[in-house]
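Participant: First, the structure itself, so that you have it in front of you.
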Amino acid sequence: MPQKPDYGIDAPGVVRNLLVIGAALIVSGFIFPTIQLGNVTILWSRSAIWPGTSCLVGGLLMVFYAKWGKFRHRDMMLNMLHWRGDEWVLDIGTGRGLLLIGAARRLKTGTATGIDIWSTKDLSGNSLEHTRTNIDIEGVQDKVELKSDDARKLSFPDASFDVILSNLCIHNIPEAEGRTQACREIARVLKPGGTALISDFINTGAYRETFIACGLKVNRTSLNPFTFPWLRVVRAEKS
Ligand SMILES: C[S@@+](CC[C@H](N)C(=O)[O-])C[C@H]1O[C@@H](n2cnc3c(N)ncnc32)[C@H](O)[C@@H]1O
């Protein structure tokens, strides 16, 4: 049977905690409708079931995003560009190759490079080897390169790429200065005439400000309701 690519579950620890805590709260609300603390009776069913339901629904929406929404979001992002087929593309925080492989499919003579630090906290089963397997299964190995690299200090010369893509990566950098540095690096390695599409669920206003300070022309999409968390794309163009 042909192997299927696996693009992983984003933030697997968060998904697990939401599902486990949500289920535990709901079950405890049914088993212990009231709790007696001394003279005080707590209506536990009411206190536990609604927060539990919110956690469970949040966890399920994140699984739904990982299995369905992220492919729609990838296609929406790639459709924001007019592809010639000869572009040099960089996917920052490529993970298991979602945008990288999608972009490679639109190339004829160009090359798509994916960089990552392969954090398994941010994406389940995240490793260069698993990404290589997805690339082989999808049959784009002749158009793709993979590299271990940090978004804050890219190892590419200035003006290397026509297209720079990134989804749900930059918010993982803990310090604001690190995120700003990553945006400056994107502006540095983007070719004049090139476009960067940076997608995230928080901090997109700050990315926008940094790109503007770097002299790029910037706009931002509205939230995509088919993702969870809801994602926005910052589009930055270098003249
Ligand atoms: C939630 S995953 C998203 C992966 C992929 N872009 C996708 O949409 O499926 C975030 C990715 O960003 C990577 N990442 C986190 N911090 C990074 C950094 N400083 N430099 C490069 N990659 C980073 C993680 O290793 C992980 O692969």
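Residues are named by chain letter and number: chains run A, B, ... in the order of the structure tokens, numbers start at 1 in each chain, and ligands are numbered from 1 in the order shown.
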Env of Val14 (chain A): 12 Å cut, atoms = only C-alpha atoms, seq-sep filter 2 positions within chain, self excluded. Answer as a PyMOL selection string.
Facilitator: chain A and resi 9-12+16-22+55-56+58-63+121-124+229
Participant: Counting only C-alpha atoms, what is within 7 Å of region 179-195 of chain A, bar same-chain residues fewer than 6 positions away, as a list in words?
Facilitator: Ala151, Arg152, Lys153, Leu154, Phe156, Pro157, Asp158, Ala159, Ser160, Phe161, Asp162, Val163, Ile164, Ile170, Ile173, Tyr207, Thr210, Phe211, Cys214, Arg235, Ala236, Glu237, Lys238 and Ser239 of chain A
Participant: Emit the selected residues as a PDB file, in the first residue's frame, including N, CA and C atoms.
Facilitator:
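To be explicit, this is the file written out as result_36.pdb:
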```pdb
ATOM      1  N   ALA A 151      15.738  30.731  12.658  1.00  0.00           N
ATOM      2  CA  ALA A 151      15.117  31.896  12.002  1.00  0.00           C
ATOM      3  C   ALA A 151      15.777  33.205  12.434  1.00  0.00           C
ATOM      4  N   ARG A 152      16.365  33.224  13.639  1.00  0.00           N
ATOM      5  CA  ARG A 152      16.960  34.473  14.147  1.00  0.00           C
ATOM      6  C   ARG A 152      18.295  34.788  13.510  1.00  0.00           C
ATOM      7  N   LYS A 153      18.934  33.778  12.883  1.00  0.00           N
ATOM      8  CA  LYS A 153      20.260  34.000  12.287  1.00  0.00           C
ATOM      9  C   LYS A 153      20.381  33.092  11.073  1.00  0.00           C
ATOM     10  N   LEU A 154      19.790  33.522   9.977  1.00  0.00           N
ATOM     11  CA  LEU A 154      19.759  32.673   8.788  1.00  0.00           C
ATOM     12  C   LEU A 154      21.137  32.633   8.137  1.00  0.00           C
ATOM     13  N   PHE A 156      22.063  32.419   5.080  1.00  0.00           N
ATOM     14  CA  PHE A 156      22.007  32.683   3.640  1.00  0.00           C
ATOM     15  C   PHE A 156      22.479  34.114   3.380  1.00  0.00           C
ATOM     16  N   PRO A 157      23.100  34.347   2.222  1.00  0.00           N
ATOM     17  CA  PRO A 157      23.504  35.720   1.891  1.00  0.00           C
ATOM     18  C   PRO A 157      22.285  36.628   1.698  1.00  0.00           C
ATOM     19  N   ASP A 158      22.514  37.938   1.729  1.00  0.00           N
ATOM     20  CA  ASP A 158      21.454  38.914   1.462  1.00  0.00           C
ATOM     21  C   ASP A 158      20.815  38.592   0.104  1.00  0.00           C
ATOM     22  N   ALA A 159      19.533  38.947  -0.034  1.00  0.00           N
ATOM     23  CA  ALA A 159      18.808  38.870  -1.317  1.00  0.00           C
ATOM     24  C   ALA A 159      18.929  37.497  -1.983  1.00  0.00           C
ATOM     25  N   SER A 160      18.616  36.421  -1.238  1.00  0.00           N
ATOM     26  CA  SER A 160      18.755  35.055  -1.785  1.00  0.00           C
ATOM     27  C   SER A 160      17.449  34.493  -2.345  1.00  0.00           C
ATOM     28  N   PHE A 161      16.282  34.978  -1.856  1.00  0.00           N
ATOM     29  CA  PHE A 161      15.018  34.287  -2.167  1.00  0.00           C
ATOM     30  C   PHE A 161      13.970  35.215  -2.792  1.00  0.00           C
ATOM     31  N   ASP A 162      13.231  34.647  -3.774  1.00  0.00           N
ATOM     32  CA  ASP A 162      12.115  35.386  -4.395  1.00  0.00           C
ATOM     33  C   ASP A 162      10.880  35.318  -3.508  1.00  0.00           C
ATOM     34  N   VAL A 163      10.706  34.188  -2.831  1.00  0.00           N
ATOM     35  CA  VAL A 163       9.513  33.962  -1.998  1.00  0.00           C
ATOM     36  C   VAL A 163       9.966  33.416  -0.643  1.00  0.00           C
ATOM     37  N   ILE A 164       9.454  34.025   0.436  1.00  0.00           N
ATOM     38  CA  ILE A 164       9.721  33.479   1.775  1.00  0.00           C
ATOM     39  C   ILE A 164       8.378  33.189   2.432  1.00  0.00           C
ATOM     40  N   ILE A 170       7.142  31.815  14.009  1.00  0.00           N
ATOM     41  CA  ILE A 170       7.883  32.888  14.695  1.00  0.00           C
ATOM     42  C   ILE A 170       7.385  33.126  16.116  1.00  0.00           C
ATOM     43  N   ILE A 173       9.409  31.747  19.089  1.00  0.00           N
ATOM     44  CA  ILE A 173      10.627  32.388  19.608  1.00  0.00           C
ATOM     45  C   ILE A 173      10.199  33.171  20.851  1.00  0.00           C
ATOM     46  N   TYR A 207       5.219  41.956  13.666  1.00  0.00           N
ATOM     47  CA  TYR A 207       5.970  41.567  12.462  1.00  0.00           C
ATOM     48  C   TYR A 207       5.797  42.668  11.402  1.00  0.00           C
ATOM     49  N   THR A 210       7.944  45.676  12.069  1.00  0.00           N
ATOM     50  CA  THR A 210       9.370  45.432  11.762  1.00  0.00           C
ATOM     51  C   THR A 210       9.613  45.477  10.255  1.00  0.00           C
ATOM     52  N   PHE A 211       8.715  44.846   9.489  1.00  0.00           N
ATOM     53  CA  PHE A 211       8.896  44.853   8.033  1.00  0.00           C
ATOM     54  C   PHE A 211       8.823  46.281   7.492  1.00  0.00           C
ATOM     55  N   CYS A 214      11.942  48.000   8.026  1.00  0.00           N
ATOM     56  CA  CYS A 214      12.988  47.518   7.100  1.00  0.00           C
ATOM     57  C   CYS A 214      12.750  48.025   5.676  1.00  0.00           C
ATOM     58  N   ARG A 235       1.774  40.011   4.544  1.00  0.00           N
ATOM     59  CA  ARG A 235       2.411  39.980   3.228  1.00  0.00           C
ATOM     60  C   ARG A 235       3.375  41.157   3.155  1.00  0.00           C
ATOM     61  N   ALA A 236       4.652  40.882   2.908  1.00  0.00           N
ATOM     62  CA  ALA A 236       5.667  41.944   2.862  1.00  0.00           C
ATOM     63  C   ALA A 236       6.397  41.868   1.529  1.00  0.00           C
ATOM     64  N   GLU A 237       6.439  43.011   0.827  1.00  0.00           N
ATOM     65  CA  GLU A 237       7.067  43.024  -0.503  1.00  0.00           C
ATOM     66  C   GLU A 237       8.252  43.973  -0.493  1.00  0.00           C
ATOM     67  N   LYS A 238       9.336  43.531  -1.140  1.00  0.00           N
ATOM     68  CA  LYS A 238      10.561  44.356  -1.194  1.00  0.00           C
ATOM     69  C   LYS A 238      10.665  44.967  -2.590  1.00  0.00           C
ATOM     70  N   SER A 239      10.841  46.283  -2.645  1.00  0.00           N
ATOM     71  CA  SER A 239      10.924  46.887  -3.994  1.00  0.00           C
ATOM     72  C   SER A 239      12.402  47.050  -4.384  1.00  0.00           C
TER      73      SER A 239
END
```
Participant: At a cut-off of 7 Å and counting only C-alpha atoms and all ligand atoms, what residues surround ligand 1? Please answer as a PyMOL selection string.
Facilitator: chain A and resi 7+10-11+70+92-99+115-120+122-123+126+149-152+166-170+172-173
Participant: Among region 2-205 of chain A, which ones does DSSP assign to strand (DSSP E) (computed from the backbone)? Answer as a PyMOL selection string.
Facilitator: chain A and resi 35-37+40-42+88-92+111-116+144-148+161-167+190-200
Participant: Give me, as a PDB file with all heavy atoms, in the first residue's frame, all polymer residues having an atom no more than 8 Å from region 104-109 of chain A, counting only C-alpha atoms and skipping those fewer than 3 positions away in the same chain.
Facilitator:
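As written to disk, selection20.pdb reads:
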```pdb
ATOM      1  N   TRP A  83       2.779  32.370  -9.436  1.00  0.00           N
ATOM      2  CA  TRP A  83       3.979  31.541  -9.578  1.00  0.00           C
ATOM      3  C   TRP A  83       4.453  31.512 -11.025  1.00  0.00           C
ATOM      4  O   TRP A  83       3.672  31.247 -11.927  1.00  0.00           O
ATOM      5  CB  TRP A  83       3.682  30.120  -9.092  1.00  0.00           C
ATOM      6  CG  TRP A  83       3.411  30.057  -7.619  1.00  0.00           C
ATOM      7  CD1 TRP A  83       2.205  30.202  -7.004  1.00  0.00           C
ATOM      8  CD2 TRP A  83       4.372  29.881  -6.574  1.00  0.00           C
ATOM      9  NE1 TRP A  83       2.348  30.121  -5.634  1.00  0.00           N
ATOM     10  CE2 TRP A  83       3.672  29.915  -5.344  1.00  0.00           C
ATOM     11  CE3 TRP A  83       5.758  29.689  -6.547  1.00  0.00           C
ATOM     12  CZ2 TRP A  83       4.308  29.767  -4.119  1.00  0.00           C
ATOM     13  CZ3 TRP A  83       6.385  29.534  -5.317  1.00  0.00           C
ATOM     14  CH2 TRP A  83       5.674  29.575  -4.131  1.00  0.00           C
ATOM     15  N   ARG A  84       5.745  31.763 -11.236  1.00  0.00           N
ATOM     16  CA  ARG A  84       6.345  31.596 -12.571  1.00  0.00           C
ATOM     17  C   ARG A  84       6.885  30.176 -12.714  1.00  0.00           C
ATOM     18  O   ARG A  84       6.964  29.621 -13.792  1.00  0.00           O
ATOM     19  CB  ARG A  84       7.517  32.567 -12.762  1.00  0.00           C
ATOM     20  CG  ARG A  84       7.170  34.047 -12.737  1.00  0.00           C
ATOM     21  CD  ARG A  84       8.439  34.870 -13.040  1.00  0.00           C
ATOM     22  NE  ARG A  84       9.570  34.467 -12.215  1.00  0.00           N
ATOM     23  CZ  ARG A  84       9.925  35.049 -11.070  1.00  0.00           C
ATOM     24  NH1 ARG A  84       9.263  36.089 -10.624  1.00  0.00           N
ATOM     25  NH2 ARG A  84      10.973  34.598 -10.378  1.00  0.00           N
ATOM     26  N   GLY A  85       7.351  29.636 -11.590  1.00  0.00           N
ATOM     27  CA  GLY A  85       7.911  28.279 -11.603  1.00  0.00           C
ATOM     28  C   GLY A  85       9.425  28.260 -11.445  1.00  0.00           C
ATOM     29  O   GLY A  85      10.016  27.196 -11.275  1.00  0.00           O
ATOM     30  N   ASP A  86      10.069  29.452 -11.521  1.00  0.00           N
ATOM     31  CA  ASP A  86      11.537  29.460 -11.416  1.00  0.00           C
ATOM     32  C   ASP A  86      11.999  30.131 -10.115  1.00  0.00           C
ATOM     33  O   ASP A  86      13.158  30.520  -9.986  1.00  0.00           O
ATOM     34  CB  ASP A  86      12.147  30.195 -12.620  1.00  0.00           C
ATOM     35  CG  ASP A  86      11.746  31.673 -12.663  1.00  0.00           C
ATOM     36  OD1 ASP A  86      10.834  32.073 -11.898  1.00  0.00           O
ATOM     37  OD2 ASP A  86      12.353  32.422 -13.452  1.00  0.00           O
ATOM     38  N   GLU A  87      11.094  30.248  -9.139  1.00  0.00           N
ATOM     39  CA  GLU A  87      11.414  30.983  -7.908  1.00  0.00           C
ATOM     40  C   GLU A  87      12.379  30.203  -6.996  1.00  0.00           C
ATOM     41  O   GLU A  87      12.374  28.977  -6.973  1.00  0.00           O
ATOM     42  CB  GLU A  87      10.134  31.273  -7.107  1.00  0.00           C
ATOM     43  CG  GLU A  87       9.204  32.285  -7.725  1.00  0.00           C
ATOM     44  CD  GLU A  87       8.228  31.690  -8.730  1.00  0.00           C
ATOM     45  OE1 GLU A  87       8.358  30.490  -9.081  1.00  0.00           O
ATOM     46  OE2 GLU A  87       7.328  32.430  -9.184  1.00  0.00           O
ATOM     47  N   LEU A 100       6.629  23.932   2.339  1.00  0.00           N
ATOM     48  CA  LEU A 100       7.780  23.612   1.487  1.00  0.00           C
ATOM     49  C   LEU A 100       7.367  22.711   0.329  1.00  0.00           C
ATOM     50  O   LEU A 100       7.649  23.006  -0.846  1.00  0.00           O
ATOM     51  CB  LEU A 100       8.829  22.900   2.362  1.00  0.00           C
ATOM     52  CG  LEU A 100      10.082  22.420   1.673  1.00  0.00           C
ATOM     53  CD1 LEU A 100      11.000  23.606   1.408  1.00  0.00           C
ATOM     54  CD2 LEU A 100      10.805  21.372   2.515  1.00  0.00           C
ATOM     55  N   ILE A 101       6.663  21.629   0.642  1.00  0.00           N
ATOM     56  CA  ILE A 101       6.267  20.654  -0.378  1.00  0.00           C
ATOM     57  C   ILE A 101       5.182  21.259  -1.278  1.00  0.00           C
ATOM     58  O   ILE A 101       5.205  21.096  -2.502  1.00  0.00           O
ATOM     59  CB  ILE A 101       5.810  19.338   0.291  1.00  0.00           C
ATOM     60  CG1 ILE A 101       7.012  18.676   0.968  1.00  0.00           C
ATOM     61  CG2 ILE A 101       5.136  18.402  -0.706  1.00  0.00           C
ATOM     62  CD1 ILE A 101       6.687  17.517   1.900  1.00  0.00           C
ATOM     63  N   ALA A 112      12.987  24.950  -3.569  1.00  0.00           N
ATOM     64  CA  ALA A 112      12.393  25.333  -2.287  1.00  0.00           C
ATOM     65  C   ALA A 112      13.299  24.800  -1.169  1.00  0.00           C
ATOM     66  O   ALA A 112      13.624  23.612  -1.150  1.00  0.00           O
ATOM     67  CB  ALA A 112      10.995  24.736  -2.163  1.00  0.00           C
ATOM     68  N   VAL A 140       8.869  15.206  -4.582  1.00  0.00           N
ATOM     69  CA  VAL A 140       9.412  16.533  -4.961  1.00  0.00           C
ATOM     70  C   VAL A 140      10.900  16.655  -4.581  1.00  0.00           C
ATOM     71  O   VAL A 140      11.428  17.756  -4.492  1.00  0.00           O
ATOM     72  CB  VAL A 140       8.596  17.691  -4.312  1.00  0.00           C
ATOM     73  CG1 VAL A 140       7.213  17.789  -4.904  1.00  0.00           C
ATOM     74  CG2 VAL A 140       8.523  17.550  -2.797  1.00  0.00           C
ATOM     75  N   LYS A 143      13.387  19.105  -6.164  1.00  0.00           N
ATOM     76  CA  LYS A 143      13.156  20.564  -6.100  1.00  0.00           C
ATOM     77  C   LYS A 143      13.318  21.101  -4.689  1.00  0.00           C
ATOM     78  O   LYS A 143      13.005  22.268  -4.428  1.00  0.00           O
ATOM     79  CB  LYS A 143      11.733  20.877  -6.566  1.00  0.00           C
ATOM     80  CG  LYS A 143      11.473  20.539  -8.006  1.00  0.00           C
ATOM     81  CD  LYS A 143      10.038  20.864  -8.341  1.00  0.00           C
ATOM     82  CE  LYS A 143       9.574  20.046  -9.508  1.00  0.00           C
ATOM     83  NZ  LYS A 143       8.127  19.906  -9.507  1.00  0.00           N
ATOM     84  N   VAL A 144      13.755  20.264  -3.751  1.00  0.00           N
ATOM     85  CA  VAL A 144      13.717  20.651  -2.336  1.00  0.00           C
ATOM     86  C   VAL A 144      15.066  20.465  -1.652  1.00  0.00           C
ATOM     87  O   VAL A 144      15.781  19.502  -1.926  1.00  0.00           O
ATOM     88  CB  VAL A 144      12.635  19.796  -1.617  1.00  0.00           C
ATOM     89  CG1 VAL A 144      12.745  19.902  -0.125  1.00  0.00           C
ATOM     90  CG2 VAL A 144      11.246  20.235  -2.047  1.00  0.00           C
TER      91      VAL A 144
END
```
Participant: Work out how far CA of Ala23 (chain A) is from CA of Ile49 (chain A), in Å to one decimal.
Facilitator: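 Computed distance, CA of Ile49 (chain A) to CA of Ala23 (chain A), equals 9.2 Å.
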Participant: For Glu145 (chain A), find every residue with an atom within 8 Å (counting only C-alpha atoms), except residues of its own chain fewer than 2 positions away, and show them as a list of chain:residue names.
Facilitator: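 Once the adjacent positions are removed, what remains is A:Thr111, A:Ala112, A:Thr113, A:Gly114, A:Gln141, A:Lys143, A:Lys147.
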Participant: Go ahead and dump the residues you just picked, N, CA, C and O atoms, as a JSON list (two decimals), in the first residue's frame.
Facilitator:
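Wrote out_17.json, looks like this:
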```json
[["chain", "number", "residue", "atom", "x", "y", "z"],
["A", 111, "THR", "N", 13.86, 26.21, -6.78],
["A", 111, "THR", "CA", 14.20, 25.34, -5.64],
["A", 111, "THR", "C", 13.52, 25.87, -4.38],
["A", 111, "THR", "O", 13.49, 27.07, -4.15],
["A", 112, "ALA", "N", 12.99, 24.95, -3.57],
["A", 112, "ALA", "CA", 12.39, 25.33, -2.29],
["A", 112, "ALA", "C", 13.30, 24.80, -1.17],
["A", 112, "ALA", "O", 13.62, 23.61, -1.15],
["A", 113, "THR", "N", 13.69, 25.70, -0.27],
["A", 113, "THR", "CA", 14.56, 25.32, 0.85],
["A", 113, "THR", "C", 13.76, 25.44, 2.14],
["A", 113, "THR", "O", 13.11, 26.46, 2.38],
["A", 114, "GLY", "N", 13.82, 24.40, 2.96],
["A", 114, "GLY", "CA", 13.13, 24.43, 4.26],
["A", 114, "GLY", "C", 14.15, 24.46, 5.37],
["A", 114, "GLY", "O", 15.10, 23.68, 5.36],
["A", 141, "GLN", "N", 11.58, 15.51, -4.40],
["A", 141, "GLN", "CA", 12.95, 15.54, -3.88],
["A", 141, "GLN", "C", 13.92, 16.33, -4.76],
["A", 141, "GLN", "O", 14.87, 16.90, -4.24],
["A", 143, "LYS", "N", 13.39, 19.11, -6.16],
["A", 143, "LYS", "CA", 13.16, 20.56, -6.10],
["A", 143, "LYS", "C", 13.32, 21.10, -4.69],
["A", 143, "LYS", "O", 13.00, 22.27, -4.43],
["A", 147, "LYS", "N", 17.56, 22.17, 5.65],
["A", 147, "LYS", "CA", 18.72, 22.65, 6.38],
["A", 147, "LYS", "C", 18.33, 22.91, 7.83],
["A", 147, "LYS", "O", 17.24, 23.42, 8.08]]
```
Participant: Check the smallest atom-to-atom distance from each of A:Ile202, A:Val15, A:Ile137, A:Val233 to Met76 (chain A) using only C-alpha atoms, then report the winner.
Facilitator: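 Residue with the minimum atom-to-atom distance to Met76 (chain A): A:Val233.
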Participant: For Leu216 (chain A), which residue out of A:Ala196, A:Leu90, A:Leu231, A:Phe30 is the nearest one, using only C-alpha atoms?
Facilitator: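 Looking at the shortest contact to Leu216 (chain A), the residue is A:Ala196.
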Participant: Taking only C-alpha atoms into account, which of A:Ala206, A:Ala48, A:Leu81, A:Leu197 comes nearest Val27 (chain A)?
Facilitator: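 When distances to Val27 (chain A) are compared using only C-alpha atoms, the smallest one comes from A:Ala48.
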Participant: Got a sec: who's within 7 Å of Trp230 (chain A), counting only C-alpha atoms, leaving out chain neighbours fewer than 6 positions off, as a PyMOL selection string?
Facilitator: chain A and resi 201+223-224
Participant: Please report, as a PyMOL selection string, each residue of region 9-173 of chain A to which DSSP assigns alpha helix (DSSP H) when run on this structure's backbone.
Facilitator: chain A and resi 12-31+44-64+70-78+98-104+128-138
